[in-house]
>>> print(open('entry-v4.pdb').read())   # PDB, C-alpha atoms
ATOM      1  CA  MET A   1       0.000   0.000   0.000
ATOM      2  CA  ALA A   2       1.428   3.372  -1.037
ATOM      3  CA  ILE A   3       1.384   5.877   1.816
ATOM      4  CA  PRO A   4       1.516   9.550   0.812
ATOM      5  CA  ALA A   5       4.439  11.355   2.382
ATOM      6  CA  ASN A   6       3.006  14.833   2.649
ATOM      7  CA  ALA A   7      -0.072  16.916   1.835
ATOM      8  CA  ALA A   8      -1.947  17.012   5.130
ATOM      9  CA  ALA A   9      -5.618  17.832   4.716
ATOM     10  CA  THR A  10      -6.658  20.237   7.455
ATOM     11  CA  SER A  11     -10.022  21.466   6.182
ATOM     12  CA  LEU A  12     -12.025  18.507   7.458
ATOM     13  CA  SER A  13     -13.989  18.799  10.698
ATOM     14  CA  PHE A  14     -12.340  16.396  13.120
ATOM     15  CA  PRO A  15     -14.913  14.436  15.199
ATOM     16  CA  VAL A  16     -15.150  15.674  18.782
ATOM     17  CA  ILE A  17     -17.606  14.257  21.333
ATOM     18  CA  HIS A  18     -18.624  16.270  24.383
ATOM     19  CA  MET A  19     -19.429  13.395  26.710
ATOM     20  CA  GLU A  20     -21.803  15.374  28.908
ATOM     21  CA  LYS A  21     -24.177  15.445  25.924
ATOM     22  CA  LEU A  22     -24.622  11.685  26.297
ATOM     23  CA  GLU A  23     -26.680  12.449  29.418
ATOM     24  CA  THR A  24     -28.991  14.919  27.671
ATOM     25  CA  GLU A  25     -31.502  15.042  24.837
ATOM     26  CA  GLU A  26     -28.486  15.453  22.534
ATOM     27  CA  ARG A  27     -27.401  11.836  23.144
ATOM     28  CA  GLY A  28     -28.610  10.662  19.751
ATOM     29  CA  ALA A  29     -26.568  13.279  17.916
ATOM     30  CA  ALA A  30     -23.469  12.494  19.999
ATOM     31  CA  MET A  31     -23.835   8.765  19.321
ATOM     32  CA  GLU A  32     -24.082   9.530  15.612
ATOM     33  CA  VAL A  33     -20.775  11.421  15.770
ATOM     34  CA  ILE A  34     -19.191   8.368  17.426
ATOM     35  CA  ARG A  35     -20.635   6.052  14.744
ATOM     36  CA  ASP A  36     -19.345   8.218  11.901
ATOM     37  CA  ALA A  37     -15.945   8.582  13.572
ATOM     38  CA  CYS A  38     -15.499   4.832  14.038
ATOM     39  CA  GLU A  39     -16.658   3.964  10.526
ATOM     40  CA  ASN A  40     -15.026   6.776   8.560
ATOM     41  CA  TRP A  41     -12.166   8.192  10.616
ATOM     42  CA  GLY A  42     -10.896   5.550  13.034
ATOM     43  CA  PHE A  43     -10.284   8.401  15.504
ATOM     44  CA  PHE A  44     -12.239  10.849  17.644
ATOM     45  CA  GLU A  45     -11.612  13.137  20.609
ATOM     46  CA  LEU A  46     -13.440  13.150  23.934
ATOM     47  CA  LEU A  47     -14.044  16.228  26.059
ATOM     48  CA  ASN A  48     -15.644  16.314  29.527
ATOM     49  CA  HIS A  49     -14.796  12.634  29.904
ATOM     50  CA  GLY A  50     -14.700  12.563  33.707
ATOM     51  CA  ILE A  51     -10.926  12.517  34.286
ATOM     52  CA  SER A  52     -10.031  15.536  36.392
ATOM     53  CA  HIS A  53      -8.065  18.328  34.768
ATOM     54  CA  GLU A  54      -5.866  18.498  37.844
ATOM     55  CA  LEU A  55      -4.817  14.865  37.427
ATOM     56  CA  MET A  56      -4.131  15.339  33.711
ATOM     57  CA  ASP A  57      -2.054  18.444  34.411
ATOM     58  CA  GLU A  58       0.001  16.513  36.964
ATOM     59  CA  VAL A  59       0.552  13.602  34.545
ATOM     60  CA  GLU A  60       1.842  16.115  32.009
ATOM     61  CA  ARG A  61       4.071  17.864  34.533
ATOM     62  CA  VAL A  62       5.719  14.744  35.936
ATOM     63  CA  SER A  63       6.101  13.116  32.517
ATOM     64  CA  LYS A  64       7.894  16.141  31.070
ATOM     65  CA  ALA A  65      10.038  16.446  34.187
ATOM     66  CA  HIS A  66      10.959  12.745  33.984
ATOM     67  CA  TYR A  67      12.122  13.135  30.387
ATOM     68  CA  ALA A  68      14.281  16.133  31.259
ATOM     69  CA  ALA A  69      15.827  14.435  34.287
ATOM     70  CA  CYS A  70      16.195  10.830  33.134
ATOM     71  CA  ARG A  71      15.955  10.432  29.355
ATOM     72  CA  GLU A  72      17.008  13.614  27.605
ATOM     73  CA  GLU A  73      20.777  13.037  27.616
ATOM     74  CA  GLN A  74      20.410   9.507  26.257
ATOM     75  CA  PHE A  75      18.108  10.791  23.535
ATOM     76  CA  LYS A  76      20.592  13.493  22.543
ATOM     77  CA  GLU A  77      23.193  10.784  21.904
ATOM     78  CA  PHE A  78      20.726   8.892  19.692
ATOM     79  CA  ALA A  79      19.775  12.119  17.898
ATOM     80  CA  ALA A  80      23.395  13.019  17.130
ATOM     81  CA  ARG A  81      24.101   9.566  15.667
ATOM     82  CA  THR A  82      20.891   9.607  13.615
ATOM     83  CA  LEU A  83      21.446  13.073  12.179
ATOM     84  CA  GLU A  84      25.066  12.342  11.369
ATOM     85  CA  ALA A  85      24.084   9.183   9.494
ATOM     86  CA  GLY A  86      21.237  10.901   7.668
ATOM     87  CA  GLU A  87      23.329  13.866   6.605
ATOM     88  CA  LYS A  88      25.944  11.469   5.221
ATOM     89  CA  GLY A  89      23.301   9.963   2.973
ATOM     90  CA  ALA A  90      22.160   6.971   5.034
ATOM     91  CA  ASP A  91      18.445   6.145   5.011
ATOM     92  CA  VAL A  92      17.183   6.813   8.549
ATOM     93  CA  LYS A  93      13.494   6.440   7.704
ATOM     94  CA  ASP A  94      13.450   3.112   9.574
ATOM     95  CA  VAL A  95      13.952   4.752  12.983
ATOM     96  CA  ASP A  96      11.608   6.845  15.116
ATOM     97  CA  TRP A  97      12.535  10.191  16.672
ATOM     98  CA  GLU A  98      11.066   9.407  20.089
ATOM     99  CA  SER A  99      12.005   8.612  23.661
ATOM    100  CA  THR A 100       9.637   6.165  25.342
ATOM    101  CA  PHE A 101       9.001   3.797  28.198
ATOM    102  CA  PHE A 102       6.109   1.422  28.773
ATOM    103  CA  VAL A 103       4.055   0.817  31.914
ATOM    104  CA  ARG A 104       2.101  -2.439  32.110
ATOM    105  CA  HIS A 105      -1.083  -2.305  34.226
ATOM    106  CA  LEU A 106      -2.957  -5.543  33.429
ATOM    107  CA  PRO A 107      -2.944  -8.444  33.936
ATOM    108  CA  ALA A 108      -0.101  -7.576  36.356
ATOM    109  CA  SER A 109       1.498  -4.174  36.917
ATOM    110  CA  ASN A 110       5.214  -3.548  36.451
ATOM    111  CA  LEU A 111       5.017   0.021  37.779
ATOM    112  CA  ALA A 112       6.952  -0.789  40.941
ATOM    113  CA  ASP A 113       9.763  -2.389  38.935
ATOM    114  CA  LEU A 114      10.499   0.452  36.509
ATOM    115  CA  PRO A 115      13.753   2.304  37.210
ATOM    116  CA  ASN A 116      14.091   6.065  37.611
ATOM    117  CA  LEU A 117      10.495   6.703  38.658
ATOM    118  CA  ASP A 118      10.050   8.406  42.001
ATOM    119  CA  HIS A 119       7.235   7.536  44.394
ATOM    120  CA  HIS A 120       5.095  10.492  43.357
ATOM    121  CA  TYR A 121       5.323   9.647  39.649
ATOM    122  CA  ARG A 122       4.319   6.042  40.360
ATOM    123  CA  GLN A 123       1.296   7.179  42.379
ATOM    124  CA  VAL A 124       0.212   9.659  39.710
ATOM    125  CA  MET A 125       0.504   7.048  36.957
ATOM    126  CA  LYS A 126      -1.384   4.494  39.043
ATOM    127  CA  GLU A 127      -4.273   6.906  39.568
ATOM    128  CA  PHE A 128      -4.286   7.963  35.918
ATOM    129  CA  ALA A 129      -4.269   4.340  34.723
ATOM    130  CA  SER A 130      -7.279   3.577  36.915
ATOM    131  CA  GLU A 131      -9.210   6.493  35.408
ATOM    132  CA  ILE A 132      -8.210   5.652  31.831
ATOM    133  CA  GLU A 133      -9.194   2.009  32.327
ATOM    134  CA  LYS A 134     -12.678   3.060  33.439
ATOM    135  CA  LEU A 135     -12.973   5.433  30.486
ATOM    136  CA  ALA A 136     -11.851   2.725  28.045
ATOM    137  CA  GLU A 137     -14.550   0.381  29.323
ATOM    138  CA  LYS A 138     -17.139   3.140  29.060
ATOM    139  CA  VAL A 139     -16.078   3.736  25.456
ATOM    140  CA  LEU A 140     -16.430   0.013  24.723
ATOM    141  CA  ASP A 141     -19.968   0.102  26.132
ATOM    142  CA  LEU A 142     -20.808   3.058  23.874
ATOM    143  CA  LEU A 143     -19.441   1.167  20.884
ATOM    144  CA  CYS A 144     -21.560  -1.870  21.804
ATOM    145  CA  GLU A 145     -24.632   0.347  21.836
ATOM    146  CA  ASN A 146     -23.736   1.865  18.488
ATOM    147  CA  LEU A 147     -23.170  -1.553  16.943
ATOM    148  CA  GLY A 148     -26.325  -3.087  18.347
ATOM    149  CA  LEU A 149     -24.314  -5.601  20.375
ATOM    150  CA  GLU A 150     -25.455  -6.684  23.808
ATOM    151  CA  GLU A 151     -24.030  -4.698  26.694
ATOM    152  CA  GLY A 152     -20.563  -5.861  27.707
ATOM    153  CA  TYR A 153     -19.912  -7.844  24.516
ATOM    154  CA  LEU A 154     -16.667  -6.098  23.577
ATOM    155  CA  LYS A 155     -15.226  -6.249  27.079
ATOM    156  CA  ARG A 156     -15.968  -9.989  27.199
ATOM    157  CA  ALA A 157     -14.430 -10.437  23.743
ATOM    158  CA  PHE A 158     -11.194  -8.937  25.096
ATOM    159  CA  THR A 159     -11.127 -11.167  28.165
ATOM    160  CA  GLY A 160      -8.649 -14.001  28.019
ATOM    161  CA  SER A 161      -7.979 -16.394  30.864
ATOM    162  CA  ASN A 162      -6.393 -13.525  32.841
ATOM    163  CA  GLY A 163      -8.595 -10.667  31.654
ATOM    164  CA  PRO A 164      -7.581  -7.977  29.148
ATOM    165  CA  THR A 165      -4.103  -6.566  28.672
ATOM    166  CA  PHE A 166      -3.706  -2.886  29.445
ATOM    167  CA  GLY A 167      -0.653  -0.650  29.413
ATOM    168  CA  THR A 168       0.593   2.875  28.792
ATOM    169  CA  LYS A 169       3.351   4.097  26.494
ATOM    170  CA  VAL A 170       4.851   7.393  27.683
ATOM    171  CA  SER A 171       6.626   9.193  24.841
ATOM    172  CA  SER A 172       8.480  12.401  24.152
ATOM    173  CA  TYR A 173       9.067  13.700  20.622
ATOM    174  CA  PRO A 174      11.872  16.268  21.007
ATOM    175  CA  PRO A 175      12.656  18.996  18.467
ATOM    176  CA  CYS A 176      14.324  17.750  15.281
ATOM    177  CA  PRO A 177      16.473  20.110  13.199
ATOM    178  CA  ARG A 178      15.923  17.962  10.081
ATOM    179  CA  PRO A 179      12.255  16.925   9.882
ATOM    180  CA  ASP A 180      12.871  15.922   6.262
ATOM    181  CA  LEU A 181      15.142  13.080   7.365
ATOM    182  CA  VAL A 182      13.115  11.226   9.997
ATOM    183  CA  ASP A 183       9.581  10.883  11.393
ATOM    184  CA  GLY A 184       8.694  11.012  15.052
ATOM    185  CA  LEU A 185       6.824   7.723  14.626
ATOM    186  CA  ARG A 186       6.417   5.923  11.312
ATOM    187  CA  ALA A 187       2.973   5.283   9.824
ATOM    188  CA  HIS A 188       1.168   2.258  11.257
ATOM    189  CA  THR A 189      -2.138   0.974  12.549
ATOM    190  CA  ASP A 190      -2.437  -0.117  16.188
ATOM    191  CA  ALA A 191      -2.609  -3.849  16.739
ATOM    192  CA  GLY A 192      -4.902  -3.914  19.730
ATOM    193  CA  GLY A 193      -8.389  -2.940  20.794
ATOM    194  CA  VAL A 194      -9.092   0.651  21.787
ATOM    195  CA  ILE A 195      -6.388   3.256  22.372
ATOM    196  CA  LEU A 196      -6.831   6.341  24.568
ATOM    197  CA  LEU A 197      -4.279   9.097  24.123
ATOM    198  CA  PHE A 198      -3.539  12.103  26.305
ATOM    199  CA  GLN A 199      -1.422  14.295  24.035
ATOM    200  CA  ASP A 200       0.368  17.591  24.309
ATOM    201  CA  ASP A 201      -1.978  20.491  23.644
ATOM    202  CA  GLN A 202       0.794  22.893  22.634
ATOM    203  CA  VAL A 203       2.883  20.822  20.213
ATOM    204  CA  SER A 204       1.135  19.073  17.321
ATOM    205  CA  GLY A 205       2.419  16.265  15.101
ATOM    206  CA  LEU A 206      -0.084  13.388  15.168
ATOM    207  CA  GLN A 207      -1.773  12.727  11.827
ATOM    208  CA  LEU A 208      -4.117  10.068  10.461
ATOM    209  CA  LEU A 209      -4.598   8.912   6.887
ATOM    210  CA  LYS A 210      -8.079   9.647   5.535
ATOM    211  CA  ASP A 211      -9.160   9.336   1.912
ATOM    212  CA  GLY A 212      -5.553   9.324   0.739
ATOM    213  CA  ALA A 213      -4.480  12.472   2.614
ATOM    214  CA  TRP A 214      -2.891  13.109   5.996
ATOM    215  CA  VAL A 215      -5.185  14.851   8.476
ATOM    216  CA  ASP A 216      -3.970  16.563  11.652
ATOM    217  CA  VAL A 217      -5.351  15.277  14.950
ATOM    218  CA  PRO A 218      -5.822  18.681  16.586
ATOM    219  CA  PRO A 219      -4.319  19.191  20.041
ATOM    220  CA  MET A 220      -7.075  20.128  22.502
ATOM    221  CA  ARG A 221      -6.587  20.980  26.155
ATOM    222  CA  HIS A 222      -7.618  18.123  28.491
ATOM    223  CA  ALA A 223      -9.003  16.016  25.621
ATOM    224  CA  VAL A 224      -8.568  12.261  25.266
ATOM    225  CA  VAL A 225      -8.029  11.011  21.719
ATOM    226  CA  VAL A 226      -9.559   7.603  20.987
ATOM    227  CA  ASN A 227      -8.563   5.413  18.063
ATOM    228  CA  ILE A 228      -9.698   2.036  16.787
ATOM    229  CA  GLY A 229      -7.211  -0.853  16.770
ATOM    230  CA  ASP A 230      -7.006  -3.820  14.421
ATOM    231  CA  GLN A 231      -8.895  -6.105  16.825
ATOM    232  CA  LEU A 232     -11.995  -3.907  16.792
ATOM    233  CA  GLU A 233     -11.938  -3.938  13.004
ATOM    234  CA  VAL A 234     -12.022  -7.741  13.134
ATOM    235  CA  ILE A 235     -14.707  -7.994  15.825
ATOM    236  CA  THR A 236     -16.939  -5.510  13.988
ATOM    237  CA  ASN A 237     -16.418  -7.451  10.741
ATOM    238  CA  GLY A 238     -15.008  -4.342   9.103
ATOM    239  CA  ARG A 239     -17.706  -1.890  10.122
ATOM    240  CA  TYR A 240     -15.153  -0.002  12.215
ATOM    241  CA  LYS A 241     -11.700   0.588  10.719
ATOM    242  CA  SER A 242      -8.250   0.936  12.183
ATOM    243  CA  VAL A 243      -6.373   3.579  10.214
ATOM    244  CA  MET A 244      -2.776   4.451   9.478
ATOM    245  CA  HIS A 245      -1.388   7.247  11.628
ATOM    246  CA  ARG A 246       2.006   8.806  12.236
ATOM    247  CA  VAL A 247       3.837  11.452  14.248
ATOM    248  CA  LEU A 248       5.777  14.127  12.391
ATOM    249  CA  THR A 249       8.961  15.653  13.733
ATOM    250  CA  ARG A 250       9.058  19.388  14.334
ATOM    251  CA  PRO A 251      11.987  21.800  14.529
ATOM    252  CA  ASP A 252      10.600  23.290  17.731
ATOM    253  CA  GLY A 253       8.667  22.003  20.740
ATOM    254  CA  ASN A 254       8.912  18.725  22.667
ATOM    255  CA  ARG A 255       5.630  16.860  22.165
ATOM    256  CA  MET A 256       4.348  14.705  25.050
ATOM    257  CA  SER A 257       2.242  11.608  24.388
ATOM    258  CA  VAL A 258       0.692   9.286  26.984
ATOM    259  CA  ALA A 259      -1.045   6.500  25.050
ATOM    260  CA  SER A 260      -2.964   3.763  26.890
ATOM    261  CA  PHE A 261      -3.779   0.521  25.105
ATOM    262  CA  TYR A 262      -6.807  -1.506  26.235
ATOM    263  CA  ASN A 263      -6.237  -4.787  24.397
ATOM    264  CA  PRO A 264      -7.448  -8.371  24.429
ATOM    265  CA  GLY A 265      -5.809 -10.853  26.745
ATOM    266  CA  ALA A 266      -2.924 -12.781  25.216
ATOM    267  CA  ASP A 267      -4.957 -15.992  24.822
ATOM    268  CA  ALA A 268      -8.246 -14.322  23.835
ATOM    269  CA  VAL A 269      -9.703 -15.692  20.602
ATOM    270  CA  ILE A 270     -10.687 -12.810  18.325
ATOM    271  CA  PHE A 271     -13.332 -13.220  15.629
ATOM    272  CA  PRO A 272     -16.131 -11.244  13.966
ATOM    273  CA  ALA A 273     -19.178 -10.882  16.209
ATOM    274  CA  PRO A 274     -21.870 -13.248  14.912
ATOM    275  CA  ALA A 275     -24.482 -10.505  15.298
ATOM    276  CA  LEU A 276     -22.510  -8.376  12.836
ATOM    277  CA  MET A 277     -21.991 -11.227  10.397
ATOM    278  CA  GLY A 278     -25.690 -12.067  10.290
ATOM    279  CA  ALA A 279     -27.133  -8.567   9.880
ATOM    280  CA  ALA A 280     -28.831  -8.516   6.488
ATOM    281  CA  GLU A 281     -28.137  -4.845   5.807
ATOM    282  CA  ALA A 282     -24.489  -4.999   6.852
ATOM    283  CA  ALA A 283     -23.846  -8.119   4.794
ATOM    284  CA  GLY A 284     -25.703  -6.815   1.761
ATOM    285  CA  LYS A 285     -28.006  -9.807   1.743
ATOM    286  CA  ASN A 286     -31.709 -10.378   1.844
ATOM    287  CA  GLU A 287     -33.308 -10.726   5.248
ATOM    288  CA  GLY A 288     -32.917 -14.239   6.566
ATOM    289  CA  GLU A 289     -29.780 -15.002   4.582
ATOM    290  CA  GLU A 290     -26.647 -15.821   6.524
ATOM    291  CA  GLY A 291     -23.965 -13.153   6.658
ATOM    292  CA  THR A 292     -20.275 -13.622   5.965
ATOM    293  CA  ALA A 293     -17.221 -13.330   8.174
ATOM    294  CA  GLU A 294     -14.834 -11.021   6.353
ATOM    295  CA  TYR A 295     -12.006 -11.672   8.829
ATOM    296  CA  PRO A 296     -10.427 -14.814  10.321
ATOM    297  CA  SER A 297     -10.521 -15.942  13.927
ATOM    298  CA  PHE A 298      -7.182 -16.067  15.736
ATOM    299  CA  VAL A 299      -5.504 -15.910  19.125
ATOM    300  CA  PHE A 300      -4.495 -12.341  19.941
ATOM    301  CA  GLU A 301      -0.950 -13.281  20.972
ATOM    302  CA  ASP A 302      -0.390 -14.921  17.579
ATOM    303  CA  TYR A 303      -1.493 -11.731  15.857
ATOM    304  CA  MET A 304       0.801  -9.643  18.078
ATOM    305  CA  ASN A 305       3.782 -11.836  17.215
ATOM    306  CA  LEU A 306       3.109 -11.207  13.526
ATOM    307  CA  TYR A 307       2.450  -7.513  14.096
ATOM    308  CA  LEU A 308       5.774  -6.934  15.829
ATOM    309  CA  ARG A 309       7.545  -8.080  12.658
ATOM    310  CA  HIS A 310       5.328  -6.077  10.290
ATOM    311  CA  LYS A 311       4.092  -3.096  12.325
ATOM    312  CA  PHE A 312       5.004  -0.455   9.770
ATOM    313  CA  GLU A 313       3.307  -2.229   6.886
ATOM    314  CA  ALA A 314      -0.278  -2.470   5.675
ATOM    315  CA  LYS A 315      -2.674  -4.373   7.947
ATOM    316  CA  GLU A 316      -4.409  -6.387   5.206
ATOM    317  CA  PRO A 317      -1.568  -8.903   4.686
ATOM    318  CA  ARG A 318      -1.530  -9.500   8.447
ATOM    319  CA  PHE A 319      -5.229 -10.378   8.393
ATOM    320  CA  GLU A 320      -4.664 -12.671   5.411
ATOM    321  CA  ALA A 321      -1.758 -14.408   7.129
ATOM    322  CA  MET A 322      -3.960 -15.175  10.149
ATOM    323  CA  LYS A 323      -6.385 -17.115   7.933
ATOM    324  CA  VAL A 324      -3.836 -19.905   7.532
ATOM    325  CA  ASP A 325      -4.108 -21.088  11.134
ATOM    326  CA  ALA A 326      -7.528 -19.754  12.069
ATOM    327  CA  ALA A 327      -8.464 -20.404  15.687
ATOM    328  CA  PRO A 328     -11.759 -22.092  16.568
ATOM    329  CA  ILE A 329     -14.495 -19.587  17.409
ATOM    330  CA  ALA A 330     -15.531 -19.477  21.059
ATOM    331  CA  THR A 331     -18.785 -18.222  22.515
ATOM    332  CA  VAL A 332     -18.657 -14.682  23.955
TER
END
>>> encode(input="entry-v4.pdb", output="structure tokens")
Amino acid sequence: MAIPANAAATSLSFPVIHMEKLETEERGAAMEVIRDACENWGFFELLNHGISHELMDEVERVSKAHYAACREEQFKEFAARTLEAGEKGADVKDVDWESTFFVRHLPASNLADLPNLDHHYRQVMKEFASEIEKLAEKVLDLLCENLGLEEGYLKRAFTGSNGPTFGTKVSSYPPCPRPDLVDGLRAHTDAGGVILLFQDDQVSGLQLLKDGAWVDVPPMRHAVVVNIGDQLEVITNGRYKSVMHRVLTRPDGNRMSVASFYNPGADAVIFPAPALMGAAEAAGKNEGEEGTAEYPSFVFEDYMNLYLRHKFEAKEPRFEAMKVDAAPIATV
């Protein structure tokens, strides 16, 4: 699949959901925005989502302070090597201009084991993870409602023998003097279920691919960006789409990103929801005719193993590869 390098389209109206409207007579209109976003964008932003602004401000403060104190010098060494190689003619498009660490929350937390995190940072991240987990499950319930699935279906679909997997990637995208040489993060879809991102509201860079053009995901103060992962595309039998996205480098500003991934358990069997295979309208069939599964069934861990080797490639060959050893479909 050819991915355009430039030409960001910024004239489109990015989908934003004010969650308080879900409790008013405007619920229907808000749910329609969510439906359109999941089917046609793969992304949307949430405002008034219930996570306190004070907590989000503290997550931002301690994350930026941690980068400056613990990761900046190491990144500068990487940056110098990368720029030197690129300016000598080497292709550095296969690296990402980012500094990251990953916190695992479920099924078992590794927060206490991570080096260079003080007690306050650990407590802030623990509280934030708890709030993001609740919001992720609320989003899944909203998606169930939109899809006409029974309440709790998606959460159960993600539950392996030890529940879902859930973790947070904390990233910094420092200034880059040569944005033409390297991206902050190369174009990819996300492998998992639903992703909730708290991003810098001052420094932009995140873009998604829509209708052949790159579209900016606008930074908004105290918003949470939600995007659809590959597993939700499979479970919805293609009604929802995961989409390519990337992070551009910038010559100024250090962009913060705190992305939380609510994914299936490692041994969860993923397959299209029967209710979405059998819907006559969705399948393009006459009423009463059986629908078709457009995606294979597979064990999530097997998909992840494939994804790690082919992350920065199109998703469709990954889905095709999983058809070879399709897993038996379980009852959700």
>>> resolve_selection(input="entry-v4.pdb", expression="the PyMOL selection byres ((chain A and resi 205-208) around 10)", output="compact mmCIF listing (two decimals) with C-alpha atoms, in the frame of the given file")
# COMPACT_ATOMS: atom_id res chain seq x y z
CA ALA A 8 -1.95 17.01 5.13
CA ALA A 9 -5.62 17.83 4.72
CA THR A 10 -6.66 20.24 7.46
CA TRP A 41 -12.17 8.19 10.62
CA GLY A 42 -10.90 5.55 13.03
CA PHE A 43 -10.28 8.40 15.50
CA TYR A 173 9.07 13.70 20.62
CA ASP A 183 9.58 10.88 11.39
CA GLY A 184 8.69 11.01 15.05
CA LEU A 185 6.82 7.72 14.63
CA ALA A 187 2.97 5.28 9.82
CA HIS A 188 1.17 2.26 11.26
CA THR A 189 -2.14 0.97 12.55
CA GLN A 199 -1.42 14.30 24.04
CA ASP A 200 0.37 17.59 24.31
CA VAL A 203 2.88 20.82 20.21
CA SER A 204 1.14 19.07 17.32
CA LEU A 209 -4.60 8.91 6.89
CA LYS A 210 -8.08 9.65 5.54
CA ASP A 211 -9.16 9.34 1.91
CA GLY A 212 -5.55 9.32 0.74
CA ALA A 213 -4.48 12.47 2.61
CA TRP A 214 -2.89 13.11 6.00
CA VAL A 215 -5.18 14.85 8.48
CA ASP A 216 -3.97 16.56 11.65
CA VAL A 217 -5.35 15.28 14.95
CA PRO A 218 -5.82 18.68 16.59
CA PRO A 219 -4.32 19.19 20.04
CA ASN A 227 -8.56 5.41 18.06
CA VAL A 243 -6.37 3.58 10.21
CA MET A 244 -2.78 4.45 9.48
CA HIS A 245 -1.39 7.25 11.63
CA ARG A 246 2.01 8.81 12.24
CA VAL A 247 3.84 11.45 14.25
CA LEU A 248 5.78 14.13 12.39
CA THR A 249 8.96 15.65 13.73
CA ARG A 250 9.06 19.39 14.33
CA ARG A 255 5.63 16.86 22.16
CA SER A 257 2.24 11.61 24.39
>>> resolve_selection(input="entry-v4.pdb", expression="the PyMOL selection byres ((chain A and resi 228) around 8)", output="list in words")
Cys38, Gly42, Phe43, Asp190, Gly193, Val194, Ile195, Val226, Asn227, Gly229, Asp230, Leu232, Glu233, Tyr240, Lys241, Ser242 and Val243 of chain A
>>> resolve_selection(input="entry-v4.pdb", expression="the PyMOL selection byres ((chain A and resi 11-27) around 6)", output="VMD selection string")
chain A and resid 9 to 10 28 to 30 44 to 49
>>> atom_distance(input="entry-v4.pdb", atom1="CA of Asp94 in chain A", atom2="CA of Gln202 in chain A")
26.9 Å
>>> residues_near_point(input="entry-v4.pdb", point="(-16.2, -10.6, 8.3)", cutoff="12 Å", atoms="only C-alpha atoms", output="compact mmCIF listing (two decimals) with C-alpha atoms, in the frame of the given file")
# COMPACT_ATOMS: atom_id res chain seq x y z
CA LEU A 232 -12.00 -3.91 16.79
CA GLU A 233 -11.94 -3.94 13.00
CA VAL A 234 -12.02 -7.74 13.13
CA ILE A 235 -14.71 -7.99 15.82
CA THR A 236 -16.94 -5.51 13.99
CA ASN A 237 -16.42 -7.45 10.74
CA GLY A 238 -15.01 -4.34 9.10
CA ARG A 239 -17.71 -1.89 10.12
CA TYR A 240 -15.15 0.00 12.22
CA ILE A 270 -10.69 -12.81 18.32
CA PHE A 271 -13.33 -13.22 15.63
CA PRO A 272 -16.13 -11.24 13.97
CA ALA A 273 -19.18 -10.88 16.21
CA PRO A 274 -21.87 -13.25 14.91
CA ALA A 275 -24.48 -10.50 15.30
CA LEU A 276 -22.51 -8.38 12.84
CA MET A 277 -21.99 -11.23 10.40
CA GLY A 278 -25.69 -12.07 10.29
CA ALA A 279 -27.13 -8.57 9.88
CA ALA A 282 -24.49 -5.00 6.85
CA ALA A 283 -23.85 -8.12 4.79
CA GLU A 290 -26.65 -15.82 6.52
CA GLY A 291 -23.96 -13.15 6.66
CA THR A 292 -20.27 -13.62 5.96
CA ALA A 293 -17.22 -13.33 8.17
CA GLU A 294 -14.83 -11.02 6.35
CA TYR A 295 -12.01 -11.67 8.83
CA PRO A 296 -10.43 -14.81 10.32
CA SER A 297 -10.52 -15.94 13.93
CA PHE A 319 -5.23 -10.38 8.39
CA LYS A 323 -6.38 -17.11 7.93
>>> build_atoms(input="entry-v4.pdb", residues="range 174-184 of chain A", atoms="N, CA and C atoms", output="mmCIF file, keeping the file's coordinate frame")
data_model
loop_
_atom_site.group_PDB
_atom_site.id
_atom_site.type_symbol
_atom_site.label_atom_id
_atom_site.label_comp_id
_atom_site.auth_asym_id
_atom_site.auth_seq_id
_atom_site.Cartn_x
_atom_site.Cartn_y
_atom_site.Cartn_z
ATOM 1 N N PRO A 174 11.107 15.022 20.885
ATOM 2 C CA PRO A 174 11.872 16.268 21.007
ATOM 3 C C PRO A 174 12.013 16.990 19.665
ATOM 4 N N PRO A 175 12.441 18.256 19.706
ATOM 5 C CA PRO A 175 12.656 18.996 18.467
ATOM 6 C C PRO A 175 13.665 18.285 17.565
ATOM 7 N N CYS A 176 13.432 18.372 16.260
ATOM 8 C CA CYS A 176 14.324 17.750 15.281
ATOM 9 C C CYS A 176 14.746 18.810 14.265
ATOM 10 N N PRO A 177 16.031 19.069 14.136
ATOM 11 C CA PRO A 177 16.473 20.110 13.199
ATOM 12 C C PRO A 177 16.316 19.716 11.733
ATOM 13 N N ARG A 178 16.085 18.424 11.462
ATOM 14 C CA ARG A 178 15.923 17.962 10.081
ATOM 15 C C ARG A 178 14.668 17.089 9.957
ATOM 16 N N PRO A 179 13.494 17.702 10.002
ATOM 17 C CA PRO A 179 12.255 16.925 9.882
ATOM 18 C C PRO A 179 12.139 16.179 8.565
ATOM 19 N N ASP A 180 12.902 16.597 7.565
ATOM 20 C CA ASP A 180 12.871 15.922 6.262
ATOM 21 C C ASP A 180 13.562 14.566 6.295
ATOM 22 N N LEU A 181 14.375 14.322 7.315
ATOM 23 C CA LEU A 181 15.142 13.080 7.365
ATOM 24 C C LEU A 181 14.420 11.949 8.096
ATOM 25 N N VAL A 182 13.630 12.270 9.111
ATOM 26 C CA VAL A 182 13.115 11.226 9.997
ATOM 27 C C VAL A 182 11.756 11.631 10.550
ATOM 28 N N ASP A 183 10.876 10.649 10.749
ATOM 29 C CA ASP A 183 9.581 10.883 11.393
ATOM 30 C C ASP A 183 9.702 10.669 12.893
ATOM 31 N N GLY A 184 8.766 11.288 13.621
ATOM 32 C CA GLY A 184 8.694 11.012 15.052
ATOM 33 C C GLY A 184 8.298 9.566 15.299
#
